[in-house]
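Here is the file final-v2.cif (mmCIF, C-alpha atoms).
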data_data
#
loop_
_atom_site.group_PDB
_atom_site.id
_atom_site.type_symbol
_atom_site.label_atom_id
_atom_site.label_comp_id
_atom_site.auth_asym_id
_atom_site.auth_seq_id
_atom_site.Cartn_x
_atom_site.Cartn_y
_atom_site.Cartn_z
ATOM 1 C CA MET A 28 15.026 -18.689 -12.015
ATOM 2 C CA GLY A 29 11.351 -18.882 -11.110
ATOM 3 C CA LYS A 30 9.858 -22.127 -9.880
ATOM 4 C CA VAL A 31 6.761 -23.998 -11.005
ATOM 5 C CA VAL A 32 4.635 -25.527 -8.248
ATOM 6 C CA ILE A 33 1.830 -27.936 -9.209
ATOM 7 C CA MET A 34 -0.473 -28.318 -6.210
ATOM 8 C CA ASP A 35 -0.959 -31.786 -4.761
ATOM 9 C CA HIS A 36 -3.018 -30.906 -1.685
ATOM 10 C CA PRO A 37 -6.105 -33.153 -1.380
ATOM 11 C CA LEU A 38 -8.448 -30.223 -0.657
ATOM 12 C CA ILE A 39 -7.328 -28.376 -3.784
ATOM 13 C CA GLN A 40 -7.714 -31.486 -5.938
ATOM 14 C CA HIS A 41 -11.159 -32.216 -4.495
ATOM 15 C CA LYS A 42 -12.391 -28.669 -5.098
ATOM 16 C CA ILE A 43 -10.993 -28.580 -8.650
ATOM 17 C CA GLY A 44 -12.867 -31.807 -9.372
ATOM 18 C CA PHE A 45 -16.041 -30.108 -8.162
ATOM 19 C CA ILE A 46 -15.718 -27.033 -10.406
ATOM 20 C CA ARG A 47 -14.965 -29.196 -13.461
ATOM 21 C CA ARG A 48 -18.466 -30.686 -13.300
ATOM 22 C CA ILE A 49 -20.859 -29.334 -15.914
ATOM 23 C CA ASP A 50 -23.710 -29.368 -13.384
ATOM 24 C CA THR A 51 -21.947 -27.158 -10.788
ATOM 25 C CA GLY A 52 -24.018 -23.945 -10.671
ATOM 26 C CA THR A 53 -22.815 -20.346 -10.670
ATOM 27 C CA ARG A 54 -23.021 -19.764 -6.911
ATOM 28 C CA ASP A 55 -21.131 -22.942 -5.990
ATOM 29 C CA PHE A 56 -18.630 -22.440 -8.802
ATOM 30 C CA ARG A 57 -17.860 -18.875 -7.701
ATOM 31 C CA GLN A 58 -17.526 -19.847 -4.034
ATOM 32 C CA THR A 59 -15.244 -22.787 -4.800
ATOM 33 C CA ILE A 60 -13.003 -20.734 -7.105
ATOM 34 C CA SER A 61 -12.500 -18.350 -4.173
ATOM 35 C CA GLU A 62 -11.715 -21.238 -1.801
ATOM 36 C CA ILE A 63 -9.175 -22.732 -4.220
ATOM 37 C CA ALA A 64 -7.530 -19.323 -4.622
ATOM 38 C CA MET A 65 -7.176 -19.091 -0.842
ATOM 39 C CA LEU A 66 -5.540 -22.517 -0.649
ATOM 40 C CA ILE A 67 -3.114 -21.772 -3.507
ATOM 41 C CA CYS A 68 -2.359 -18.392 -1.906
ATOM 42 C CA TYR A 69 -1.322 -20.206 1.271
ATOM 43 C CA GLU A 70 1.345 -22.058 -0.715
ATOM 44 C CA ALA A 71 2.345 -19.086 -2.890
ATOM 45 C CA THR A 72 3.075 -16.917 0.172
ATOM 46 C CA ARG A 73 5.310 -19.533 1.795
ATOM 47 C CA ASP A 74 8.497 -17.608 0.964
ATOM 48 C CA LEU A 75 7.399 -14.138 2.101
ATOM 49 C CA GLN A 76 10.072 -12.524 4.235
ATOM 50 C CA LEU A 77 9.637 -12.152 7.992
ATOM 51 C CA CYS A 78 11.177 -9.883 10.600
ATOM 52 C CA ASP A 79 11.318 -9.918 14.410
ATOM 53 C CA VAL A 80 8.997 -7.595 16.340
ATOM 54 C CA GLU A 81 8.821 -6.971 20.099
ATOM 55 C CA ILE A 82 5.281 -7.228 21.505
ATOM 56 C CA GLU A 83 3.599 -7.553 24.870
ATOM 57 C CA THR A 84 1.394 -10.550 25.570
ATOM 58 C CA PRO A 85 -0.958 -10.682 28.613
ATOM 59 C CA ILE A 86 1.933 -12.481 30.372
ATOM 60 C CA CYS A 87 5.163 -10.762 29.284
ATOM 61 C CA TRP A 88 7.138 -9.101 26.520
ATOM 62 C CA THR A 89 8.325 -11.409 23.717
ATOM 63 C CA THR A 90 9.601 -11.477 20.155
ATOM 64 C CA VAL A 91 7.249 -12.565 17.367
ATOM 65 C CA LYS A 92 7.471 -12.852 13.587
ATOM 66 C CA GLU A 93 5.775 -10.357 11.294
ATOM 67 C CA LEU A 94 5.679 -9.959 7.516
ATOM 68 C CA LYS A 95 8.574 -7.769 6.468
ATOM 69 C CA GLY A 96 7.407 -4.678 4.619
ATOM 70 C CA ARG A 97 3.932 -6.146 4.016
ATOM 71 C CA LYS A 98 3.705 -4.379 0.655
ATOM 72 C CA LEU A 99 1.693 -6.897 -1.309
ATOM 73 C CA CYS A 100 -0.584 -6.462 -4.318
ATOM 74 C CA VAL A 101 -3.064 -8.841 -5.960
ATOM 75 C CA VAL A 102 -3.537 -8.216 -9.692
ATOM 76 C CA PRO A 103 -6.419 -10.101 -11.346
ATOM 77 C CA ILE A 104 -6.533 -10.358 -15.122
ATOM 78 C CA LEU A 105 -10.068 -9.248 -16.007
ATOM 79 C CA ARG A 106 -12.559 -10.589 -15.867
ATOM 80 C CA ALA A 107 -12.171 -14.171 -14.647
ATOM 81 C CA GLY A 108 -9.277 -13.223 -12.350
ATOM 82 C CA LEU A 109 -11.747 -11.260 -10.217
ATOM 83 C CA GLY A 110 -13.118 -14.575 -8.985
ATOM 84 C CA MET A 111 -9.838 -15.278 -7.162
ATOM 85 C CA VAL A 112 -9.449 -11.915 -5.421
ATOM 86 C CA ASP A 113 -11.690 -12.468 -2.372
ATOM 87 C CA GLY A 114 -9.960 -15.745 -1.544
ATOM 88 C CA MET A 115 -6.583 -14.019 -1.728
ATOM 89 C CA LEU A 116 -7.697 -11.102 0.449
ATOM 90 C CA ALA A 117 -9.086 -13.482 3.075
ATOM 91 C CA LEU A 118 -5.463 -14.441 3.802
ATOM 92 C CA ILE A 119 -3.723 -11.138 3.032
ATOM 93 C CA PRO A 120 -6.383 -8.477 3.779
ATOM 94 C CA ALA A 121 -3.889 -5.596 3.819
ATOM 95 C CA ALA A 122 -2.869 -6.230 0.196
ATOM 96 C CA LYS A 123 -3.788 -3.661 -2.418
ATOM 97 C CA VAL A 124 -5.516 -4.692 -5.640
ATOM 98 C CA GLY A 125 -4.604 -3.672 -9.180
ATOM 99 C CA HIS A 126 -6.537 -4.597 -12.333
ATOM 100 C CA ILE A 127 -5.425 -5.507 -15.841
ATOM 101 C CA GLY A 128 -7.913 -5.854 -18.713
ATOM 102 C CA LEU A 129 -6.873 -7.503 -21.971
ATOM 103 C CA TYR A 130 -8.731 -8.713 -25.047
ATOM 104 C CA ARG A 131 -7.493 -10.741 -28.003
ATOM 105 C CA ASP A 132 -7.319 -8.903 -31.319
ATOM 106 C CA PRO A 133 -9.306 -11.043 -33.810
ATOM 107 C CA GLU A 134 -6.878 -10.225 -36.627
ATOM 108 C CA THR A 135 -3.502 -10.672 -34.957
ATOM 109 C CA LEU A 136 -4.703 -12.896 -32.061
ATOM 110 C CA LYS A 137 -2.400 -10.824 -29.831
ATOM 111 C CA PRO A 138 -3.530 -9.482 -26.412
ATOM 112 C CA VAL A 139 -4.501 -5.790 -26.409
ATOM 113 C CA GLU A 140 -4.704 -3.736 -23.225
ATOM 114 C CA TYR A 141 -8.032 -2.009 -22.566
ATOM 115 C CA TYR A 142 -7.692 -1.296 -18.845
ATOM 116 C CA CYS A 143 -4.869 -1.010 -16.340
ATOM 117 C CA LYS A 144 -5.170 0.548 -12.892
ATOM 118 C CA MET A 145 -2.476 0.009 -10.283
ATOM 119 C CA PRO A 146 -1.521 1.373 -6.855
ATOM 120 C CA ALA A 147 0.823 4.360 -7.187
ATOM 121 C CA ASP A 148 3.645 2.426 -5.502
ATOM 122 C CA ILE A 149 3.192 -0.746 -7.579
ATOM 123 C CA SER A 150 6.913 -1.003 -8.414
ATOM 124 C CA ASP A 151 7.722 -1.338 -4.690
ATOM 125 C CA ARG A 152 5.253 -4.171 -4.107
ATOM 126 C CA GLU A 153 5.420 -7.957 -4.271
ATOM 127 C CA ILE A 154 2.770 -8.905 -6.801
ATOM 128 C CA PHE A 155 0.471 -11.913 -7.228
ATOM 129 C CA VAL A 156 -1.062 -11.995 -10.710
ATOM 130 C CA VAL A 157 -4.168 -14.217 -10.739
ATOM 131 C CA ASP A 158 -6.218 -15.812 -13.527
ATOM 132 C CA PRO A 159 -8.137 -19.094 -13.152
ATOM 133 C CA MET A 160 -7.055 -20.472 -16.536
ATOM 134 C CA LEU A 161 -3.624 -20.510 -18.200
ATOM 135 C CA ALA A 162 -4.502 -21.638 -21.738
ATOM 136 C CA THR A 163 -2.286 -20.256 -24.528
ATOM 137 C CA GLY A 164 -0.549 -18.008 -22.003
ATOM 138 C CA GLY A 165 -0.946 -14.913 -24.196
ATOM 139 C CA SER A 166 -2.864 -12.768 -21.709
ATOM 140 C CA SER A 167 -0.744 -13.774 -18.724
ATOM 141 C CA VAL A 168 2.529 -13.169 -20.558
ATOM 142 C CA ALA A 169 1.290 -9.732 -21.665
ATOM 143 C CA ALA A 170 -0.041 -8.803 -18.193
ATOM 144 C CA ILE A 171 3.250 -9.651 -16.510
ATOM 145 C CA GLN A 172 5.168 -7.684 -19.152
ATOM 146 C CA MET A 173 2.940 -4.663 -18.424
ATOM 147 C CA LEU A 174 3.912 -4.920 -14.761
ATOM 148 C CA LYS A 175 7.609 -5.256 -15.576
ATOM 149 C CA ASP A 176 7.329 -2.190 -17.816
ATOM 150 C CA ARG A 177 6.093 -0.320 -14.719
ATOM 151 C CA GLY A 178 9.209 -1.340 -12.785
ATOM 152 C CA CYS A 179 7.832 -4.363 -10.911
ATOM 153 C CA LYS A 180 10.478 -6.898 -10.012
ATOM 154 C CA LYS A 181 8.974 -9.477 -7.654
ATOM 155 C CA ILE A 182 6.066 -11.142 -9.456
ATOM 156 C CA HIS A 183 4.250 -14.425 -8.858
ATOM 157 C CA PHE A 184 1.570 -15.971 -11.082
ATOM 158 C CA MET A 185 -1.296 -18.093 -9.783
ATOM 159 C CA CYS A 186 -3.823 -20.092 -11.784
ATOM 160 C CA ILE A 187 -6.218 -22.911 -11.014
ATOM 161 C CA ILE A 188 -5.889 -24.914 -14.237
ATOM 162 C CA ALA A 189 -3.069 -24.735 -16.799
ATOM 163 C CA ALA A 190 -2.420 -26.270 -20.204
ATOM 164 C CA PRO A 191 1.145 -27.405 -20.972
ATOM 165 C CA GLU A 192 1.242 -24.930 -23.884
ATOM 166 C CA GLY A 193 0.463 -21.972 -21.622
ATOM 167 C CA LEU A 194 2.891 -23.059 -18.947
ATOM 168 C CA LYS A 195 5.657 -23.383 -21.549
ATOM 169 C CA ALA A 196 4.890 -19.929 -22.976
ATOM 170 C CA MET A 197 5.018 -18.371 -19.505
ATOM 171 C CA GLN A 198 8.321 -20.037 -18.620
ATOM 172 C CA GLU A 199 9.895 -18.929 -21.884
ATOM 173 C CA ALA A 200 8.677 -15.333 -21.657
ATOM 174 C CA HIS A 201 9.155 -14.822 -17.905
ATOM 175 C CA PRO A 202 11.636 -17.363 -16.515
ATOM 176 C CA ASP A 203 12.054 -15.238 -13.355
ATOM 177 C CA VAL A 204 8.385 -15.516 -12.306
ATOM 178 C CA ASP A 205 7.214 -18.159 -9.815
ATOM 179 C CA ILE A 206 4.154 -20.021 -11.146
ATOM 180 C CA TYR A 207 1.611 -21.773 -8.914
ATOM 181 C CA VAL A 208 -0.821 -24.146 -10.645
ATOM 182 C CA GLY A 209 -3.787 -25.962 -9.104
ATOM 183 C CA ALA A 210 -3.849 -28.658 -11.800
ATOM 184 C CA LEU A 211 -1.875 -29.223 -15.015
ATOM 185 C CA ASP A 212 -4.222 -30.510 -17.714
ATOM 186 C CA GLU A 213 -3.648 -32.493 -20.898
ATOM 187 C CA LYS A 214 -3.679 -29.986 -23.776
ATOM 188 C CA LEU A 215 -5.501 -27.222 -25.656
ATOM 189 C CA ASN A 216 -8.160 -28.154 -28.197
ATOM 190 C CA GLU A 217 -8.568 -26.560 -31.642
ATOM 191 C CA HIS A 218 -10.646 -23.739 -30.123
ATOM 192 C CA GLY A 219 -8.012 -22.859 -27.506
ATOM 193 C CA TYR A 220 -9.909 -24.405 -24.585
ATOM 194 C CA ILE A 221 -8.087 -26.458 -21.960
ATOM 195 C CA VAL A 222 -8.836 -30.223 -22.053
ATOM 196 C CA PRO A 223 -10.431 -31.563 -19.865
ATOM 197 C CA GLY A 224 -10.640 -28.079 -18.290
ATOM 198 C CA LEU A 225 -13.928 -26.634 -17.074
ATOM 199 C CA GLY A 226 -15.166 -24.450 -19.943
ATOM 200 C CA ASP A 227 -15.068 -20.648 -19.816
ATOM 201 C CA ALA A 228 -14.176 -19.642 -16.249
ATOM 202 C CA GLY A 229 -15.469 -16.076 -16.645
ATOM 203 C CA ASP A 230 -18.866 -17.217 -17.895
ATOM 204 C CA ARG A 231 -19.170 -19.747 -15.091
ATOM 205 C CA ILE A 232 -18.113 -17.310 -12.359
ATOM 206 C CA PHE A 233 -20.463 -14.540 -13.476
ATOM 207 C CA GLY A 234 -23.308 -16.613 -14.935
ATOM 208 C CA THR A 235 -22.938 -15.232 -18.470
ATOM 209 C CA LYS A 236 -22.787 -16.860 -21.882
#
Structure rendered as structure tokens:
Amino acid sequence: MGKVVIMDHPLIQHKIGFIRRIDTGTRDFRQTISEIAMLICYEATRDLQLCDVEIETPICWTTVKELKGRKLCVVPILRAGLGMVDGMLALIPAAKVGHIGLYRDPETLKPVEYYCKMPADISDREIFVVDPMLATGGSSVAAIQMLKDRGCKKIHFMCIIAAPEGLKAMQEAHPDVDIYVGALDEKLNEHGYIVPGLGDAGDRIFGTK
């Protein structure tokens, strides 16, 4: 059974408060999203497996800990998820990066895949799917299913702000996936935006409307 971790670190809460502000500009918003992703990544990688390795220090030989296997992959959900990638790679620079692009069909309201590019050995990797906002959960549920269909077994999901509706949908669809949330908000409004939220994360990261 996957776990749900709601972040309570003061730095994360402070930075989320900053990006919620309507007057936070594109540059500061983008930089802070990356910083929050790095801080959440620190917590999300807490359970990575280690192994013992013999090394030589300037003084003597000794045994140190090293990540076991080190086959990690960061998978942003396009396009807003791209804003979290640099922060992730700052901590795990050897990780590979896959990309999943989805759009919502206006008729069915279901997510439709328009782009998916993964490392050849994706099924052997431990995966961190990232998207700043978990609103209805439709895109995230679909993205994780796409990875499972490719044989991926160890998947984590990271977001900065989640609505209860999206979190519930994720837990129901993928109860085996660990979910890391920067802040759990109140609800979705009638337009599918998270309340109080921060607006459209993609538009604010890339300066588009």
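Coordinates place atom CA of Gln172 of chain A at a distance of 18.3 Å from atom CA of Glu192 of chain A.
Proximity ranking of A:Leu99, A:Glu199, A:Arg106, A:Glu134 relative to Ala122 of chain A places A:Leu99 first, based on only C-alpha atoms.
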Subject >> Spatial neighbours of His36 of chain A, 9 Å, all atoms listed in the file, chain gap at least 3 places, as a PyMOL selection string >> reply: chain A and resi 39-41+66+209
Would you save the residues of that selection, restricted to C-alpha atoms, as a PDB file, in the coordinates of the input?
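Generated file (part-v8.pdb):
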ATOM      1  CA  ILE A  39      -7.328 -28.376  -3.784  1.00  0.00           C
ATOM      2  CA  GLN A  40      -7.714 -31.486  -5.938  1.00  0.00           C
ATOM      3  CA  HIS A  41     -11.159 -32.216  -4.495  1.00  0.00           C
ATOM      4  CA  LEU A  66      -5.540 -22.517  -0.649  1.00  0.00           C
ATOM      5  CA  GLY A 209      -3.787 -25.962  -9.104  1.00  0.00           C
TER       6      GLY A 209
END
Original post:
Hey, what's within 10 Å of Leu94 of chain A if we count only C-alpha atoms and toss same-chain stuff fewer than 6 positions away? As a PyMOL selection string, please?
Top reply: chain A and resi 75-80
Original post:
Looking at all atoms listed in the file, which of A:Lys236, A:His218, A:His126, A:Lys98 is the one that sits closest to Cys143 of chain A?
Top reply: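 With all atoms listed in the file as the atom set, the closest residue is A:His126.
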Subject >> Interatomic distance, atom CA of Gly29 of chain A to atom CA of His201 of chain A (Å, one decimal) >> reply: 8.2 Å
Subject >> Picked residues, the PyMOL selection byres ((chain A and resi 68) around 10), expected as a ChimeraX atom specification >> reply: /A:62-67,69-73,111,114-119,155,157,185,207
**OP:** Rounded to one decimal place, report the atom CA of Thr135 of chain A-atom CA of Ser166 of chain A distance in Å.
**Re:**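 Between atom CA of Thr135 of chain A and atom CA of Ser166 of chain A the gap is 13.4 Å.
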**OP:** Let me know the residues the PyMOL selection byres ((chain A and resi 101) around 6) catches in the file above, as a ChimeraX atom specification.
**Re:** /A:100,102,124,154-155
**OP:** For the structure shown, which residues end up in the PyMOL selection byres ((chain A and resi 150) around 6)? Put them as a VMD selection string, please?
**Re:** chain A and resid 148 to 149 151 to 152 178 to 179
Subject >> All residues 7 Å or closer to Ala162 of chain A, all atoms listed in the file, same chain fewer than 4 positions away omitted, as a list in words >> reply: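 Skipping anything fewer than 4 positions along the chain leaves Ala189, Ala190, Glu192, Gly193, Leu215, Gly219, Tyr220 and Ile221 of chain A.
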Original post:
Excluding same-chain residues fewer than 3 positions from Gly128 of chain A, what lies within 9 Å of it counting all atoms listed in the file, as a PyMOL selection string?
Top reply: chain A and resi 103-106+139-143+170
Original post:
For Arg131 of chain A, which residue out of A:Met173, A:Ile49, A:Gly224, A:Gly164 is the nearest one, using only C-alpha atoms?
Top reply: A:Gly164
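Closest approach to Glu153 of chain A among A:Asp205, A:Lys137, A:Ala200, A:Arg231: A:Asp205, based on only C-alpha atoms.
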Original post:
Which residue out of A:Asp113, A:Asp35, A:Asp212, A:Glu93 has the minimum interatomic distance to Pro191 of chain A when only C-alpha atoms are used?
Top reply: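 Of all the options, A:Asp212 lies closest to Pro191 of chain A.
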Original post:
Which of these residues is nearest to Leu174 of chain A, using only C-alpha atoms: A:Lys42, A:Pro138, A:Gly125, A:Lys195?
Top reply: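 Checking each of A:Lys42, A:Pro138, A:Gly125, A:Lys195 against Leu174 of chain A, counting only C-alpha atoms, the winner is A:Gly125.
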Original post:
Which neighbours of Val208 of chain A fall inside 6 Å, counting all atoms listed in the file, when residues of the same chain fewer than 5 positions from it are skipped, and could you give them as a list of chain:residue names?
Top reply: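 Near neighbours after the sequence-gap exclusion: A:Ile33, A:Cys186, A:Ile187.
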Write the selection just made, keeping C-alpha atoms, as a tab-separated table (two decimals), in the frame of the given file?
chain	number	residue	atom	x	y	z
A	33	ILE	CA	1.83	-27.94	-9.21
A	186	CYS	CA	-3.82	-20.09	-11.78
A	187	ILE	CA	-6.22	-22.91	-11.01
Could you model N, CA and C atoms for segment 174-205 of chain A and present them as a CSV table (one decimal), in the frame of the given file?
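Once written, rebuild-v5.csv looks like this:
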chain,number,residue,atom,x,y,z
A,174,LEU,N,3.4,-5.2,-16.1
A,174,LEU,CA,3.9,-4.9,-14.8
A,174,LEU,C,5.4,-4.7,-14.8
A,175,LYS,N,6.2,-5.5,-15.5
A,175,LYS,CA,7.6,-5.3,-15.6
A,175,LYS,C,7.9,-3.9,-16.2
A,176,ASP,N,7.1,-3.5,-17.2
A,176,ASP,CA,7.3,-2.2,-17.8
A,176,ASP,C,7.1,-1.1,-16.8
A,177,ARG,N,6.3,-1.3,-15.8
A,177,ARG,CA,6.1,-0.3,-14.7
A,177,ARG,C,7.1,-0.4,-13.6
A,178,GLY,N,8.1,-1.2,-13.8
A,178,GLY,CA,9.2,-1.3,-12.8
A,178,GLY,C,9.0,-2.4,-11.7
A,179,CYS,N,8.1,-3.3,-11.9
A,179,CYS,CA,7.8,-4.4,-10.9
A,179,CYS,C,8.9,-5.4,-11.1
A,180,LYS,N,9.4,-5.9,-10.0
A,180,LYS,CA,10.5,-6.9,-10.0
A,180,LYS,C,10.1,-8.2,-9.4
A,181,LYS,N,9.3,-8.2,-8.4
A,181,LYS,CA,9.0,-9.5,-7.7
A,181,LYS,C,7.5,-9.9,-8.0
A,182,ILE,N,7.4,-10.8,-8.9
A,182,ILE,CA,6.1,-11.1,-9.5
A,182,ILE,C,5.9,-12.6,-9.4
A,183,HIS,N,4.7,-13.0,-8.9
A,183,HIS,CA,4.2,-14.4,-8.9
A,183,HIS,C,3.0,-14.5,-9.7
A,184,PHE,N,2.8,-15.7,-10.3
A,184,PHE,CA,1.6,-16.0,-11.1
A,184,PHE,C,0.8,-17.2,-10.5
A,185,MET,N,-0.5,-17.0,-10.3
A,185,MET,CA,-1.3,-18.1,-9.8
A,185,MET,C,-2.4,-18.4,-10.7
A,186,CYS,N,-2.6,-19.7,-11.0
A,186,CYS,CA,-3.8,-20.1,-11.8
A,186,CYS,C,-4.4,-21.4,-11.2
A,187,ILE,N,-5.6,-21.7,-11.5
A,187,ILE,CA,-6.2,-22.9,-11.0
A,187,ILE,C,-6.0,-24.1,-12.0
A,188,ILE,N,-6.1,-23.9,-13.3
A,188,ILE,CA,-5.9,-24.9,-14.2
A,188,ILE,C,-5.0,-24.4,-15.3
A,189,ALA,N,-4.0,-25.1,-15.7
A,189,ALA,CA,-3.1,-24.7,-16.8
A,189,ALA,C,-3.0,-25.8,-17.9
A,190,ALA,N,-2.8,-25.4,-19.1
A,190,ALA,CA,-2.4,-26.3,-20.2
A,190,ALA,C,-0.9,-26.3,-20.3
A,191,PRO,N,-0.3,-27.4,-20.8
A,191,PRO,CA,1.1,-27.4,-21.0
A,191,PRO,C,1.6,-26.3,-21.9
A,192,GLU,N,0.8,-26.0,-22.9
A,192,GLU,CA,1.2,-24.9,-23.9
A,192,GLU,C,1.4,-23.6,-23.2
A,193,GLY,N,0.4,-23.2,-22.3
A,193,GLY,CA,0.5,-22.0,-21.6
A,193,GLY,C,1.6,-21.9,-20.6
A,194,LEU,N,1.8,-23.0,-19.9
A,194,LEU,CA,2.9,-23.1,-18.9
A,194,LEU,C,4.2,-22.9,-19.6
A,195,LYS,N,4.4,-23.5,-20.8
A,195,LYS,CA,5.7,-23.4,-21.5
A,195,LYS,C,5.9,-21.9,-22.0
A,196,ALA,N,4.8,-21.3,-22.5
A,196,ALA,CA,4.9,-19.9,-23.0
A,196,ALA,C,5.3,-19.0,-21.8
A,197,MET,N,4.7,-19.2,-20.7
A,197,MET,CA,5.0,-18.4,-19.5
A,197,MET,C,6.5,-18.5,-19.1
A,198,GLN,N,6.9,-19.8,-19.0
A,198,GLN,CA,8.3,-20.0,-18.6
A,198,GLN,C,9.3,-19.4,-19.6
A,199,GLU,N,9.0,-19.5,-20.9
A,199,GLU,CA,9.9,-18.9,-21.9
A,199,GLU,C,9.9,-17.4,-21.8
A,200,ALA,N,8.8,-16.8,-21.6
A,200,ALA,CA,8.7,-15.3,-21.7
A,200,ALA,C,9.2,-14.7,-20.3
A,201,HIS,N,8.9,-15.4,-19.2
A,201,HIS,CA,9.2,-14.8,-17.9
A,201,HIS,C,9.8,-15.9,-17.0
A,202,PRO,N,11.0,-16.3,-17.3
A,202,PRO,CA,11.6,-17.4,-16.5
A,202,PRO,C,11.9,-17.0,-15.1
A,203,ASP,N,11.8,-15.7,-14.7
A,203,ASP,CA,12.1,-15.2,-13.4
A,203,ASP,C,10.8,-15.3,-12.5
A,204,VAL,N,9.6,-15.6,-13.0
A,204,VAL,CA,8.4,-15.5,-12.3
A,204,VAL,C,8.0,-16.9,-11.7
A,205,ASP,N,7.7,-16.9,-10.4
A,205,ASP,CA,7.2,-18.2,-9.8
A,205,ASP,C,5.8,-18.4,-10.3
